Amino acid sequence: MSTILAEPQPPKDQDRPPLKKKDIAADHPTWCPGCGDFSVLAFYFKLIEKKNLWQEKITTVAGIGCSSRFPYFVQGHGVHFIHGRALPFATGISLTRPDLHLFVFSGDGDAFSIGGNHLNHAARKNVNLTYVIMDNQVYGLTKKQTSPTSPLGFKSKTDMWGSVDRPINPMKQLIGAGATFIARTTATNPKHLMAAMEAALDHNGFSVIECLSECTEFFAGAFDATNPRKGGDFMEVPKDHDVTNESAAYKLAEDSFPGYFGTFYDVETPTKNEKEAEIIEKLQSKVQGMKDWEILKSNFDKMK
Amino acid sequence: MSESSISESSSEAGPQSSTVSDIVIRFAGNSQDGIQSIGGFLARLAGRSEQEVMTFMTIPATISGGPSIFQVRMGSGEVLSAGDEADVLVAFYDHSYANHIGSLKKGGILLYDSDHVEPDETKAGEYHHIGIPISSRTIEAIGGTARDKGKNIFTLGLIAKMFDLDIEKLERLITERFGNKSASILETAMSAFHAGYSFSVENLLKVFRLEPGKAKDQDQVVMTGNEALGYGIIAAGVRFGAGYPITPWSDIMELLRRELPKYGGSFIQCEDELAAVSMAIGAGYAGRVSITGSSGPGIALKSEAVGWAVMAEIPLIVIDVQRGGPSTGLPTNVEQSDLNIAIYGGHGDSPRVVMAPATVEDCFHTAIEAVNIARKYSVPVYILSDQAIATRIEAFPEPDLEKICQDISPDLSPVETHKPYDLSTPDGLTQHRPPGTWIMDGKYPIATGLEHDEYGRPTGNPKYHIEMTAKRRNKLRALAQSLPKPTIYGPPEGHILLVGWGSTLGPIREAVDKARAAGDSISAIHIRHINPLPPGIDDIMARFHHVLVVELNDEGLYGYGQLASLLRTRFADPKIRSITKTDGLTYKITEILDNVKDFLELEAAKN
């Protein structure tokens, strides 16, 4: 009997040399010079190298936006899906192919605006995948409109007098939605970014990173306040913060900007993948030894 | 009810008996009365007997209560439709009587619950009135705890008596239905059934006996169109799906949610239609064609993502159980008005496949064919079912499941090199390689909604947009060439050709039979492959003077229904005309024939 959850066979050639950056770097990124997204891409490559992932099992999914050009720059199976729906698409992959290393990249528009509802549901379902939101607080690809995370008063082409809608607080949103691993980092702090990506990858379940990633073109200097080299303050999550305590995480999130950086929340709860596997196991135990056509036949016998 | 050479025999006691070839019974009550299950029992009984069966039902849009009907037609010959008029109307309430007496044929039998219904006695000459205290007798038989419960089974007993049905088989069906519940439930059901059956026969004017039919040499299975589609999807090897509840599609997602895990699969209920279609495409990308589905409003929501699957060439099955539209429209009525959205419902040039099953049995086979087309042509395939076919129960020969069931597990074998959008392949056919496939030259494919080169890399180069657009279109031209020519019902040439699609097959064929019996020159074809159209339709049309396309939608701004418009675009033939209606009900045979007659009179007046 075939099952969608069967572990597909490992690659035949076990003696392949470990993956190097040159193997997994594809087209040169089309991002503007100085864009924070370069840094996320660079550490994605580093993570892949460090974890020695199988190239054919790396699956990179994105929606629409500057950040979502990401899969084109990675030499691996990749998907550039429609605006806002990267998470449900990736859920379809996660639930049928537990053997893959699944990464989803989005911008703040994809994650919190057009795809906002999917974020809530992927989080509450605890789908096993790693989600990196590259938040630049502006719509860059369409050339400077207000984003759901743009601060109040931000002047854009759609808010020429300054943004009037209160911005989303990504951390609060993610905690409220029930994500099981939530971290916050910046593109300008390489070590911290790498640690966050590694921890997210190691997490079993829905792991999200909000990475502040500056748009030098349309919102330059947005994150200077988080960058010690620009006179800012990179405030790490206090050492004594209990990452399993939801209300403590929520409290940390109240200081919204520049806010804290690090792991806000990290708990183990059964994943959607495990729950579905349990259902399958339970129902399959009742039809043990039967071929697929015999199971169907037993249904048809009841309809005679 | 067509009484054949009547063998009326007045037995010593009880009513007289006559033999009929065909009966139509309409049960009218409220949704919680379980009248669907009376129909279900009768349909399954017919499946196990020599009779053919066809049913029709309406469901109320409200959750509890609300009028509901179930019509069942059983016959000794071929039964193609649920019948225009009822021979027997079983009315549980005054509103059932008032709303449905018009569907009872003159001289027909009104069987009413005298506890609730007071029929218009001035009509007693037109119909045979038989009042039976169904509610109080049921309570008497099974105890008065659950009001309304058991009336359906009591009525089944009455009907069994009236039509001299096979009691042993019915008892077995009741046992199968209730046997796995508690013993007392089965006992109660049996008591209700026997009470109905043995209810003083003198109260029935007549009993009827169905003529012996042709013995069936194969086991029959009895199910609804929604069930046939769901099980067809499973037989096709689909193991993942995602959906969002909407009437009348929900049955299919409930069935798949319940059944797929037995096969190692899953069906996921999503937050919305956008997530559902995206998740199904994601699973298709991951290696195995997956299914989503909905009804009109949900189909509109899925449109953008389906366009992506066309662009990225990822196989997908989308079931649309059509209902009346636009917008929320008529959620529980039938209409065939989603043909346009299925074919054209996407921005840009986005060719996709559209198929429409014609019977419940065809639902099963269409599901499998759709999956195989989606895989071979790496394209989304719409299956246009509708509310009528979704909810009606038919019996059909059990398919050879051992032969039919497919394993379509993904092939993850390593390949030397892979161009996902290779432009040099014949007919533009390329195969998707799912993640996990080792591409040995290290050049990995991107599935994308941007126009792209042969590896999936984005490009704005006009050459690629021209060639990739042609590739996506040529695949479907190749598919068209492989499709079977429609078969003609009736002689291959003549005066009038009726063209139909989807659930109207039965009434169209019966209309042809009836008109031919009256001496008219009329034939019909039924189109299962809506997009692309199969070859040979023009040759068939050339041999008829008039082509009338019969469909359940509006004639639109320019006077043609949706399929008629498509055929006129395709063949630029002015003799293609339309017969349409939008009352939310299936076609009656007489409606089709009246429309044909009106058309011919208008034509004659012109000349």
# chains A, B, ... in the order shown; residues from 1 in each chain; ligands from 1
>>> interface_residues(of="chain A", to="chain B", cutoff="6 Å", atoms="only C-alpha atoms", output="PyMOL selection string")
chain A and resi 3-4+56-57+75-80+88-90+92-93+280+283-284+293+303-304
>>> write_last_selection(atoms="N, CA and C atoms", output="PDB file, in the first residue's frame")
ATOM      1  N   THR A   3       1.623   5.138   0.653  1.00  0.00           N
ATOM      2  CA  THR A   3       1.115   6.225   1.481  1.00  0.00           C
ATOM      3  C   THR A   3       1.891   7.483   1.190  1.00  0.00           C
ATOM      4  N   ILE A   4       1.194   8.611   1.260  1.00  0.00           N
ATOM      5  CA  ILE A   4       1.869   9.865   0.956  1.00  0.00           C
ATOM      6  C   ILE A   4       2.909  10.175   2.016  1.00  0.00           C
ATOM      7  N   GLU A  56      18.836  18.026  -3.607  1.00  0.00           N
ATOM      8  CA  GLU A  56      17.537  17.782  -4.260  1.00  0.00           C
ATOM      9  C   GLU A  56      16.372  17.817  -3.271  1.00  0.00           C
ATOM     10  N   LYS A  57      16.725  17.827  -1.971  1.00  0.00           N
ATOM     11  CA  LYS A  57      15.644  17.846  -0.971  1.00  0.00           C
ATOM     12  C   LYS A  57      15.382  19.254  -0.436  1.00  0.00           C
ATOM     13  N   GLN A  75      20.054  27.404  -6.181  1.00  0.00           N
ATOM     14  CA  GLN A  75      20.099  26.284  -7.123  1.00  0.00           C
ATOM     15  C   GLN A  75      19.532  25.041  -6.424  1.00  0.00           C
ATOM     16  N   GLY A  76      18.227  24.910  -6.516  1.00  0.00           N
ATOM     17  CA  GLY A  76      17.543  23.791  -5.881  1.00  0.00           C
ATOM     18  C   GLY A  76      16.106  23.846  -6.354  1.00  0.00           C
ATOM     19  N   HIS A  77      15.313  22.833  -6.009  1.00  0.00           N
ATOM     20  CA  HIS A  77      13.899  22.871  -6.392  1.00  0.00           C
ATOM     21  C   HIS A  77      13.265  24.112  -5.774  1.00  0.00           C
ATOM     22  N   GLY A  78      12.602  24.898  -6.606  1.00  0.00           N
ATOM     23  CA  GLY A  78      12.057  26.144  -6.086  1.00  0.00           C
ATOM     24  C   GLY A  78      10.712  26.489  -6.679  1.00  0.00           C
ATOM     25  N   VAL A  79       9.984  27.294  -5.926  1.00  0.00           N
ATOM     26  CA  VAL A  79       8.644  27.688  -6.355  1.00  0.00           C
ATOM     27  C   VAL A  79       8.453  29.184  -6.134  1.00  0.00           C
ATOM     28  N   HIS A  80       8.020  29.854  -7.163  1.00  0.00           N
ATOM     29  CA  HIS A  80       7.625  31.253  -7.044  1.00  0.00           C
ATOM     30  C   HIS A  80       6.128  31.291  -7.267  1.00  0.00           C
ATOM     31  N   PRO A  88      -0.037  28.220   2.265  1.00  0.00           N
ATOM     32  CA  PRO A  88      -0.839  27.034   1.936  1.00  0.00           C
ATOM     33  C   PRO A  88      -0.191  26.149   0.869  1.00  0.00           C
ATOM     34  N   PHE A  89       0.480  26.758  -0.084  1.00  0.00           N
ATOM     35  CA  PHE A  89       1.190  25.953  -1.089  1.00  0.00           C
ATOM     36  C   PHE A  89       2.216  25.068  -0.390  1.00  0.00           C
ATOM     37  N   ALA A  90       3.013  25.691   0.479  1.00  0.00           N
ATOM     38  CA  ALA A  90       4.056  24.943   1.179  1.00  0.00           C
ATOM     39  C   ALA A  90       3.451  23.887   2.101  1.00  0.00           C
ATOM     40  N   GLY A  92       0.880  22.103   1.418  1.00  0.00           N
ATOM     41  CA  GLY A  92       0.639  20.952   0.538  1.00  0.00           C
ATOM     42  C   GLY A  92       1.891  20.113   0.345  1.00  0.00           C
ATOM     43  N   ILE A  93       3.035  20.787   0.304  1.00  0.00           N
ATOM     44  CA  ILE A  93       4.302  20.056   0.169  1.00  0.00           C
ATOM     45  C   ILE A  93       4.638  19.363   1.486  1.00  0.00           C
ATOM     46  N   ILE A 280      -3.991   8.569   9.799  1.00  0.00           N
ATOM     47  CA  ILE A 280      -3.709   7.576   8.757  1.00  0.00           C
ATOM     48  C   ILE A 280      -3.391   6.219   9.391  1.00  0.00           C
ATOM     49  N   LEU A 283      -6.567   4.593  10.819  1.00  0.00           N
ATOM     50  CA  LEU A 283      -7.493   4.060   9.822  1.00  0.00           C
ATOM     51  C   LEU A 283      -6.874   2.921   9.014  1.00  0.00           C
ATOM     52  N   GLN A 284      -5.558   3.007   8.815  1.00  0.00           N
ATOM     53  CA  GLN A 284      -4.923   1.937   8.046  1.00  0.00           C
ATOM     54  C   GLN A 284      -4.874   0.631   8.826  1.00  0.00           C
ATOM     55  N   TRP A 293      -7.424  -1.385  -4.030  1.00  0.00           N
ATOM     56  CA  TRP A 293      -8.679  -1.702  -4.723  1.00  0.00           C
ATOM     57  C   TRP A 293      -9.606  -2.524  -3.844  1.00  0.00           C
ATOM     58  N   MET A 303     -22.650  -0.636  -0.895  1.00  0.00           N
ATOM     59  CA  MET A 303     -23.574   0.197  -1.674  1.00  0.00           C
ATOM     60  C   MET A 303     -24.365  -0.624  -2.682  1.00  0.00           C
ATOM     61  N   LYS A 304     -24.446  -1.926  -2.414  1.00  0.00           N
ATOM     62  CA  LYS A 304     -25.182  -2.786  -3.349  1.00  0.00           C
ATOM     63  C   LYS A 304     -26.609  -2.988  -2.886  1.00  0.00           C
TER      64      LYS A 304
END
>>> residues_around(residues="Thr469 of chain B", least_positions_apart="5", cutoff="10 Å", atoms="only C-alpha atoms", output="list in words")
Met311, Gly348, Asp349, Ser350, Pro351, Glu451, Lys463, Tyr464 and Asn474 of chain B
>>> write_last_selection(atoms="C-alpha atoms", output="PDB file, in the first residue's frame")
ATOM      1  CA  MET B 311       1.558  28.771 -16.210  1.00  0.00           C
ATOM      2  CA  GLY B 348      -4.288  36.058 -19.488  1.00  0.00           C
ATOM      3  CA  ASP B 349      -4.368  33.231 -21.995  1.00  0.00           C
ATOM      4  CA  SER B 350      -4.708  30.258 -19.698  1.00  0.00           C
ATOM      5  CA  PRO B 351      -5.906  27.144 -21.496  1.00  0.00           C
ATOM      6  CA  GLU B 451       6.859  33.909 -17.887  1.00  0.00           C
ATOM      7  CA  LYS B 463      10.330  35.109 -27.899  1.00  0.00           C
ATOM      8  CA  TYR B 464       9.731  33.116 -24.734  1.00  0.00           C
ATOM      9  CA  ASN B 474      -0.560  23.181 -28.255  1.00  0.00           C
TER      10      ASN B 474
END
>>> residues_around(residues="Pro67 of chain B", least_positions_apart="4", cutoff="12 Å", atoms="only C-alpha atoms", output="CSV table (one decimal) with N, CA and C atoms, in the first residue's frame")
chain,number,residue,atom,x,y,z
B,27,PHE,N,-41.8,12.0,-2.9
B,27,PHE,CA,-42.0,12.2,-1.5
B,27,PHE,C,-41.7,13.6,-1.1
B,28,ALA,N,-42.7,14.3,-0.5
B,28,ALA,CA,-42.5,15.7,-0.2
B,28,ALA,C,-42.7,15.8,1.3
B,29,GLY,N,-41.7,16.4,2.0
B,29,GLY,CA,-41.8,16.6,3.4
B,29,GLY,C,-40.9,17.7,3.8
B,30,ASN,N,-40.3,17.5,5.0
B,30,ASN,CA,-39.2,18.4,5.5
B,30,ASN,C,-37.9,17.6,5.5
B,31,SER,N,-36.9,18.4,5.6
B,31,SER,CA,-35.6,17.7,5.5
B,31,SER,C,-35.3,16.7,6.6
B,32,GLN,N,-35.9,17.0,7.8
B,32,GLN,CA,-35.6,16.1,8.9
B,32,GLN,C,-36.4,14.9,8.9
B,33,ASP,N,-37.3,14.7,8.0
B,33,ASP,CA,-38.2,13.5,7.9
B,33,ASP,C,-37.5,12.3,7.4
B,34,GLY,N,-36.3,12.5,6.8
B,34,GLY,CA,-35.6,11.3,6.3
B,34,GLY,C,-36.2,10.8,5.0
B,35,ILE,N,-36.8,11.7,4.3
B,35,ILE,CA,-37.4,11.2,3.0
B,35,ILE,C,-36.3,10.8,2.0
B,36,GLN,N,-35.1,11.4,2.2
B,36,GLN,CA,-34.0,10.9,1.3
B,36,GLN,C,-33.7,9.5,1.5
B,57,MET,N,-33.6,14.9,-6.1
B,57,MET,CA,-33.9,15.4,-4.9
B,57,MET,C,-33.7,16.9,-4.8
B,58,THR,N,-34.4,17.6,-3.9
B,58,THR,CA,-34.0,18.9,-3.6
B,58,THR,C,-33.7,19.0,-2.1
B,59,ILE,N,-32.8,19.8,-1.7
B,59,ILE,CA,-32.4,20.0,-0.3
B,59,ILE,C,-32.7,21.4,0.0
B,60,PRO,N,-33.2,21.6,1.2
B,60,PRO,CA,-33.4,23.0,1.6
B,60,PRO,C,-32.1,23.7,1.9
B,61,ALA,N,-32.1,25.0,1.8
B,61,ALA,CA,-30.9,25.8,2.1
B,61,ALA,C,-30.7,26.0,3.5
B,62,THR,N,-31.8,25.8,4.3
B,62,THR,CA,-31.7,26.0,5.7
B,62,THR,C,-31.2,24.8,6.4
B,63,ILE,N,-30.8,24.9,7.6
B,63,ILE,CA,-30.1,23.8,8.3
B,63,ILE,C,-31.1,22.8,8.8
B,91,ALA,N,-47.4,13.1,0.5
B,91,ALA,CA,-47.3,14.4,1.1
B,91,ALA,C,-47.4,14.3,2.6
B,92,PHE,N,-46.4,14.8,3.3
B,92,PHE,CA,-46.3,14.7,4.7
B,92,PHE,C,-47.0,15.9,5.4
B,93,TYR,N,-47.0,17.1,4.7
B,93,TYR,CA,-47.5,18.3,5.3
B,93,TYR,C,-48.4,19.0,4.3
B,94,ASP,N,-49.1,20.0,4.8
B,94,ASP,CA,-49.9,20.9,4.0
B,94,ASP,C,-49.1,21.5,2.9
B,95,HIS,N,-47.9,22.1,3.3
B,95,HIS,CA,-47.1,22.7,2.3
B,95,HIS,C,-46.6,21.7,1.3
B,96,SER,N,-46.3,20.5,1.7
B,96,SER,CA,-45.9,19.5,0.7
B,96,SER,C,-47.0,19.3,-0.3
B,97,TYR,N,-48.2,19.2,0.2
B,97,TYR,CA,-49.3,19.0,-0.7
B,97,TYR,C,-49.5,20.2,-1.6
B,98,ALA,N,-49.5,21.4,-1.0
B,98,ALA,CA,-49.8,22.5,-1.8
B,98,ALA,C,-48.8,22.8,-2.9
B,99,ASN,N,-47.5,22.5,-2.5
B,99,ASN,CA,-46.4,22.8,-3.5
B,99,ASN,C,-46.2,21.8,-4.5
B,100,HIS,N,-46.7,20.6,-4.3
B,100,HIS,CA,-46.3,19.5,-5.2
B,100,HIS,C,-47.5,18.8,-5.8
B,332,THR,N,-29.0,25.6,-3.6
B,332,THR,CA,-29.5,24.2,-3.6
B,332,THR,C,-30.2,23.8,-4.9
>>> residues_around(residues="Pro357 of chain B", least_positions_apart="4", cutoff="8 Å", atoms="only C-alpha atoms", output="short mmCIF file (atom, residue, chain, number, x, y, z; two decimals) with N, CA and C atoms, in the first residue's frame")
data_model
loop_
_atom_site.label_atom_id
_atom_site.label_comp_id
_atom_site.auth_asym_id
_atom_site.auth_seq_id
_atom_site.Cartn_x
_atom_site.Cartn_y
_atom_site.Cartn_z
N ASP B 362 -20.89 7.91 -14.94
CA ASP B 362 -19.88 8.67 -15.67
C ASP B 362 -19.03 9.52 -14.73
N CYS B 363 -19.60 9.94 -13.60
CA CYS B 363 -18.82 10.69 -12.61
C CYS B 363 -17.59 9.89 -12.19
N THR B 366 -15.17 9.67 -15.20
CA THR B 366 -14.63 10.99 -15.54
C THR B 366 -13.52 11.38 -14.57
N ILE B 383 -13.69 19.46 -13.47
CA ILE B 383 -14.80 18.54 -13.67
C ILE B 383 -16.07 19.31 -13.30
N LEU B 384 -16.91 19.54 -14.30
CA LEU B 384 -18.15 20.28 -14.07
C LEU B 384 -19.28 19.30 -13.78
N SER B 385 -19.55 19.11 -12.51
CA SER B 385 -20.73 18.36 -12.12
C SER B 385 -21.82 19.40 -11.85
N TRP B 501 -24.93 18.69 -22.54
CA TRP B 501 -23.73 18.38 -21.75
C TRP B 501 -24.15 18.22 -20.30
N GLY B 502 -23.40 17.40 -19.57
CA GLY B 502 -23.66 17.25 -18.14
C GLY B 502 -24.95 16.49 -17.85
N SER B 503 -25.61 16.91 -16.78
CA SER B 503 -26.68 16.10 -16.20
C SER B 503 -27.95 16.01 -17.03
N ARG B 528 -18.96 15.44 -23.51
CA ARG B 528 -18.32 15.21 -22.20
C ARG B 528 -17.05 16.05 -22.07
#
>>> residues_around(residues="segment 595-600 of chain B", least_positions_apart="6", cutoff="10 Å", atoms="only C-alpha atoms", output="list in words")
Ile496, Leu498, Ala511, Ala515, Ile522, His546, Leu548, Val550, Arg577, Ser578, Ile579, Thr580 and Lys606 of chain B
>>> write_last_selection(atoms="C-alpha atoms", output="mmCIF file, in the first residue's frame")
data_model
loop_
_atom_site.group_PDB
_atom_site.id
_atom_site.type_symbol
_atom_site.label_atom_id
_atom_site.label_comp_id
_atom_site.auth_asym_id
_atom_site.auth_seq_id
_atom_site.Cartn_x
_atom_site.Cartn_y
_atom_site.Cartn_z
ATOM 1 C CA ILE B 496 -32.835 18.209 -35.712
ATOM 2 C CA LEU B 498 -29.977 18.207 -29.919
ATOM 3 C CA ALA B 511 -37.141 13.603 -25.496
ATOM 4 C CA ALA B 515 -40.280 12.632 -30.553
ATOM 5 C CA ILE B 522 -34.369 14.047 -34.306
ATOM 6 C CA HIS B 546 -30.920 22.431 -37.145
ATOM 7 C CA LEU B 548 -30.277 23.006 -30.829
ATOM 8 C CA VAL B 550 -30.003 22.296 -24.643
ATOM 9 C CA ARG B 577 -29.198 27.716 -31.720
ATOM 10 C CA SER B 578 -30.044 27.577 -28.036
ATOM 11 C CA ILE B 579 -32.622 26.087 -25.745
ATOM 12 C CA THR B 580 -32.051 27.371 -22.230
ATOM 13 C CA LYS B 606 -40.003 32.788 -41.236
#
>>> residues_around(residues="Ala86 of chain B", least_positions_apart="2", cutoff="10 Å", atoms="only C-alpha atoms", output="list in words")
Met1, Ile23, Val24, Ile25, Arg26, Phe27, Gln71, Val72, Arg73, Ala82, Gly83, Asp84, Val88, Leu89, Val90, His100, Ile101, Gly102, Ser103, Leu104, Lys105, Lys106, Gly108, Ile109 and Leu110 of chain B
>>> select_by_dssp(residues="segment 397-566 of chain B", states="alpha helix (DSSP H)", output="number ranges by chain")
B: 401-404, 462-482, 505-517, 537-542, 562-566
>>> select_by_dssp(residues="segment 31-113 of chain A", states="strand (DSSP E or B)", output="list in words")
Ile58, Thr59, Thr60, Val61, Ala62, Val74, His77, Gly78, Val79, His80, His101, Leu102, Phe103, Val104, Phe105, Ser106 and Gly107 of chain A
>>> closest_residue(among="B:Ile389, B:Met74, B:Leu479, B:Leu256", to="Val20 of chain B", atoms="only C-alpha atoms")
B:Met74
>>> atom_distance(atom1="atom CA of Phe178 of chain B", atom2="atom CA of Leu156 of chain B")
14.8 Å
>>> closest_residue(among="A:Gln145, A:Glu246, A:Met171, A:Thr186", to="Asp159 of chain A", atoms="only C-alpha atoms")
A:Gln145
>>> atom_distance(atom1="atom CA of Leu47 of chain A", atom2="atom CA of Gly221 of chain A")
27.4 Å
>>> closest_residue(among="A:Thr263, A:Ser256, A:Thr226, A:Thr244", to="Ala196 of chain A", atoms="only C-alpha atoms")
A:Thr263
>>> closest_residue(among="A:Lys272, A:Arg166, A:His203, A:Arg229", to="Ala123 of chain A", atoms="only C-alpha atoms")
A:Lys272
>>> decode(residues="segment 190-212 of chain A", atoms="N, CA and C atoms", output="PDB file, in the first residue's frame")
ATOM      1  N   PRO A 190      24.708  39.298  11.413  1.00  0.00           N
ATOM      2  CA  PRO A 190      24.885  37.986  10.780  1.00  0.00           C
ATOM      3  C   PRO A 190      24.839  36.816  11.749  1.00  0.00           C
ATOM      4  N   LYS A 191      25.561  36.923  12.837  1.00  0.00           N
ATOM      5  CA  LYS A 191      25.657  35.804  13.779  1.00  0.00           C
ATOM      6  C   LYS A 191      24.270  35.471  14.334  1.00  0.00           C
ATOM      7  N   HIS A 192      23.575  36.520  14.666  1.00  0.00           N
ATOM      8  CA  HIS A 192      22.252  36.364  15.264  1.00  0.00           C
ATOM      9  C   HIS A 192      21.271  35.776  14.259  1.00  0.00           C
ATOM     10  N   LEU A 193      21.350  36.265  13.017  1.00  0.00           N
ATOM     11  CA  LEU A 193      20.495  35.769  11.944  1.00  0.00           C
ATOM     12  C   LEU A 193      20.727  34.274  11.706  1.00  0.00           C
ATOM     13  N   MET A 194      22.009  33.916  11.658  1.00  0.00           N
ATOM     14  CA  MET A 194      22.367  32.515  11.412  1.00  0.00           C
ATOM     15  C   MET A 194      21.832  31.627  12.542  1.00  0.00           C
ATOM     16  N   ALA A 195      22.004  32.078  13.768  1.00  0.00           N
ATOM     17  CA  ALA A 195      21.546  31.287  14.919  1.00  0.00           C
ATOM     18  C   ALA A 195      20.029  31.109  14.872  1.00  0.00           C
ATOM     19  N   ALA A 196      19.326  32.182  14.484  1.00  0.00           N
ATOM     20  CA  ALA A 196      17.869  32.110  14.419  1.00  0.00           C
ATOM     21  C   ALA A 196      17.441  31.111  13.330  1.00  0.00           C
ATOM     22  N   MET A 197      18.102  31.169  12.160  1.00  0.00           N
ATOM     23  CA  MET A 197      17.725  30.265  11.078  1.00  0.00           C
ATOM     24  C   MET A 197      17.984  28.812  11.449  1.00  0.00           C
ATOM     25  N   GLU A 198      19.093  28.609  12.130  1.00  0.00           N
ATOM     26  CA  GLU A 198      19.432  27.240  12.521  1.00  0.00           C
ATOM     27  C   GLU A 198      18.419  26.701  13.537  1.00  0.00           C
ATOM     28  N   ALA A 199      18.083  27.539  14.504  1.00  0.00           N
ATOM     29  CA  ALA A 199      17.121  27.099  15.523  1.00  0.00           C
ATOM     30  C   ALA A 199      15.755  26.844  14.883  1.00  0.00           C
ATOM     31  N   ALA A 200      15.389  27.692  13.914  1.00  0.00           N
ATOM     32  CA  ALA A 200      14.104  27.524  13.240  1.00  0.00           C
ATOM     33  C   ALA A 200      14.078  26.217  12.454  1.00  0.00           C
ATOM     34  N   LEU A 201      15.167  25.929  11.778  1.00  0.00           N
ATOM     35  CA  LEU A 201      15.240  24.686  11.002  1.00  0.00           C
ATOM     36  C   LEU A 201      15.142  23.475  11.926  1.00  0.00           C
ATOM     37  N   ASP A 202      15.792  23.561  13.072  1.00  0.00           N
ATOM     38  CA  ASP A 202      15.789  22.421  13.998  1.00  0.00           C
ATOM     39  C   ASP A 202      14.444  22.221  14.690  1.00  0.00           C
ATOM     40  N   HIS A 203      13.599  23.248  14.672  1.00  0.00           N
ATOM     41  CA  HIS A 203      12.315  23.151  15.375  1.00  0.00           C
ATOM     42  C   HIS A 203      11.361  22.231  14.622  1.00  0.00           C
ATOM     43  N   ASN A 204      10.702  21.355  15.352  1.00  0.00           N
ATOM     44  CA  ASN A 204       9.702  20.481  14.744  1.00  0.00           C
ATOM     45  C   ASN A 204       8.354  21.188  14.823  1.00  0.00           C
ATOM     46  N   GLY A 205       7.892  21.688  13.675  1.00  0.00           N
ATOM     47  CA  GLY A 205       6.628  22.427  13.663  1.00  0.00           C
ATOM     48  C   GLY A 205       6.764  23.706  12.867  1.00  0.00           C
ATOM     49  N   PHE A 206       5.831  24.607  13.108  1.00  0.00           N
ATOM     50  CA  PHE A 206       5.791  25.859  12.352  1.00  0.00           C
ATOM     51  C   PHE A 206       6.736  26.872  12.983  1.00  0.00           C
ATOM     52  N   SER A 207       7.886  27.088  12.378  1.00  0.00           N
ATOM     53  CA  SER A 207       8.862  28.021  12.938  1.00  0.00           C
ATOM     54  C   SER A 207       8.937  29.274  12.078  1.00  0.00           C
ATOM     55  N   VAL A 208       8.824  30.416  12.714  1.00  0.00           N
ATOM     56  CA  VAL A 208       8.834  31.690  11.986  1.00  0.00           C
ATOM     57  C   VAL A 208       9.918  32.611  12.497  1.00  0.00           C
ATOM     58  N   ILE A 209      10.556  33.262  11.546  1.00  0.00           N
ATOM     59  CA  ILE A 209      11.514  34.311  11.899  1.00  0.00           C
ATOM     60  C   ILE A 209      11.044  35.601  11.251  1.00  0.00           C
ATOM     61  N   GLU A 210      10.957  36.649  12.030  1.00  0.00           N
ATOM     62  CA  GLU A 210      10.789  37.957  11.419  1.00  0.00           C
ATOM     63  C   GLU A 210      12.176  38.571  11.357  1.00  0.00           C
ATOM     64  N   CYS A 211      12.642  38.838  10.137  1.00  0.00           N
ATOM     65  CA  CYS A 211      13.979  39.406   9.973  1.00  0.00           C
ATOM     66  C   CYS A 211      13.836  40.810   9.411  1.00  0.00           C
ATOM     67  N   LEU A 212      14.199  41.805  10.195  1.00  0.00           N
ATOM     68  CA  LEU A 212      14.154  43.172   9.683  1.00  0.00           C
ATOM     69  C   LEU A 212      15.209  43.293   8.589  1.00  0.00           C
TER      70      LEU A 212
END
